[in-house]
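S.K.: Got a structure here, written out as structure tokens. Questions coming.
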Amino acid sequence: MQTKLIVALAVLFIVVIAAAILIALPTPGSDPENTPFVSENVIVTAPLPGSTVGKMISVRGSARGNWFFEANLPLAVKDPSGKQIGQGFAMATEEWMTTDFVPFEGKVEVQADYTGPAKLVVMKDNASGLPENDASVEFDIVVQ
């Protein structure tokens, strides 16, 4: 009787461990390490959220055309307190006078003395200067 109980517990233990391993394994296409930043108006494919980056950051993605002004899109990097530690801009690589997504490429340079956690910020280019037209998206990165 005791042997049957030990065998049953061992089998149950193995089944539970196997199930936990299967649940923990990522499914194809669901690797969070390789997932772009996606919002209603902006998609950033590089750098990826959580990436470790250098002082000169190449930024690629797409934004709705109405986020551009004269094909430009402001970029910034902020430290955890919200202080801007880097700035740059991206340019549309296709026709930007649309409400559809338009690909962009740009660069942001971070202050030479900064390392650590930060946020990459993609801003709507608000040529009017009116606060109601401001918009931005941001996600975490790490500056080396």
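By order in the structure tokens, chains are A, B, ...; within a chain, residues start at 1; ligands start at 1, following the order shown.
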Skip range 68-74 of chain A itself and residues of its chain fewer than 5 positions away, then list as a ChimeraX atom specification all residues within 7 Å of it, counting only C-alpha atoms.
M.R.: /A:88-92,96,122-125,127
S.K.: Would you mind exporting N, CA and C atoms of the selected residues as a PDB file, in the first residue's frame?
M.R.:
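Result saved to selection_8.pdb:
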```pdb
ATOM      1  N   GLY A  88      16.527  64.179 -30.016  1.00  0.00           N
ATOM      2  CA  GLY A  88      16.820  63.959 -31.423  1.00  0.00           C
ATOM      3  C   GLY A  88      15.534  64.068 -32.205  1.00  0.00           C
ATOM      4  N   PHE A  89      15.568  63.583 -33.408  1.00  0.00           N
ATOM      5  CA  PHE A  89      14.357  63.603 -34.228  1.00  0.00           C
ATOM      6  C   PHE A  89      14.393  62.450 -35.211  1.00  0.00           C
ATOM      7  N   ALA A  90      13.229  62.119 -35.703  1.00  0.00           N
ATOM      8  CA  ALA A  90      13.080  61.112 -36.742  1.00  0.00           C
ATOM      9  C   ALA A  90      12.450  61.778 -37.949  1.00  0.00           C
ATOM     10  N   MET A  91      12.701  61.188 -39.079  1.00  0.00           N
ATOM     11  CA  MET A  91      12.114  61.696 -40.324  1.00  0.00           C
ATOM     12  C   MET A  91      11.315  60.595 -40.995  1.00  0.00           C
ATOM     13  N   ALA A  92      10.206  60.990 -41.567  1.00  0.00           N
ATOM     14  CA  ALA A  92       9.390  60.057 -42.339  1.00  0.00           C
ATOM     15  C   ALA A  92      10.202  59.586 -43.539  1.00  0.00           C
ATOM     16  N   TRP A  96       4.228  61.548 -45.763  1.00  0.00           N
ATOM     17  CA  TRP A  96       3.710  61.678 -44.403  1.00  0.00           C
ATOM     18  C   TRP A  96       2.365  62.390 -44.313  1.00  0.00           C
ATOM     19  N   VAL A 122       8.574  59.233 -27.909  1.00  0.00           N
ATOM     20  CA  VAL A 122       8.260  59.644 -29.273  1.00  0.00           C
ATOM     21  C   VAL A 122       7.116  60.639 -29.147  1.00  0.00           C
ATOM     22  N   MET A 123       7.357  61.866 -29.650  1.00  0.00           N
ATOM     23  CA  MET A 123       6.369  62.941 -29.494  1.00  0.00           C
ATOM     24  C   MET A 123       5.720  63.306 -30.819  1.00  0.00           C
ATOM     25  N   LYS A 124       4.485  63.689 -30.736  1.00  0.00           N
ATOM     26  CA  LYS A 124       3.789  64.254 -31.888  1.00  0.00           C
ATOM     27  C   LYS A 124       4.398  65.635 -32.127  1.00  0.00           C
ATOM     28  N   ASP A 125       4.748  65.937 -33.364  1.00  0.00           N
ATOM     29  CA  ASP A 125       5.307  67.257 -33.663  1.00  0.00           C
ATOM     30  C   ASP A 125       4.159  68.256 -33.703  1.00  0.00           C
ATOM     31  N   ALA A 127       3.272  71.634 -34.195  1.00  0.00           N
ATOM     32  CA  ALA A 127       3.688  72.927 -34.742  1.00  0.00           C
ATOM     33  C   ALA A 127       2.842  74.079 -34.212  1.00  0.00           C
TER      34      ALA A 127
END
```
S.K.: Near Val121 in chain A, counting only C-alpha atoms, which residues have an atom at most 6 Å away, once you skip same-chain residues fewer than 2 positions from it, shown as number ranges by chain?
M.R.: A: 75-77, 137-138
S.K.: Expressed in Å to a single decimal, how great is the separation between CA of Val53 in chain A and CA of Tyr114 in chain A?
M.R.: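 CA of Tyr114 in chain A lies 11.7 Å from CA of Val53 in chain A.
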S.K.: Contacts of Thr115 in chain A at 9 Å or less, counting only C-alpha atoms, minus same-chain residues fewer than 4 places along, as a list in words?
M.R.: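 Here the answer would be Gly54, Lys55, Gln111, Val142, Val143 and Gln144 of chain A.
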S.K.: List the neighbours of range 43-47 of chain A out to 6 Å using only C-alpha atoms; skip same-chain residues closer than 3 positions along the sequence, and give me the result as an MDAnalysis selection string.
M.R.: chainID A and resid 36:38 59:62
S.K.: Could you go through range 21-131 of chain A and tell me which residues DSSP, when run on the backbone, assigns to strand (DSSP E or B), listing them as a ChimeraX atom specification?
M.R.: /A:37-38,42-46,52-53,56-64,69,72-78,84-92,101-110,116-123
S.K.: Give the answer as one residue: which of A:Gly106, A:Ser136, A:Asp100, A:Met56 has the shortest atom-to-atom distance to Gly86 in chain A, using only C-alpha atoms?
M.R.: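 Among A:Gly106, A:Ser136, A:Asp100, A:Met56, it is A:Met56 that comes nearest to Gly86 in chain A.
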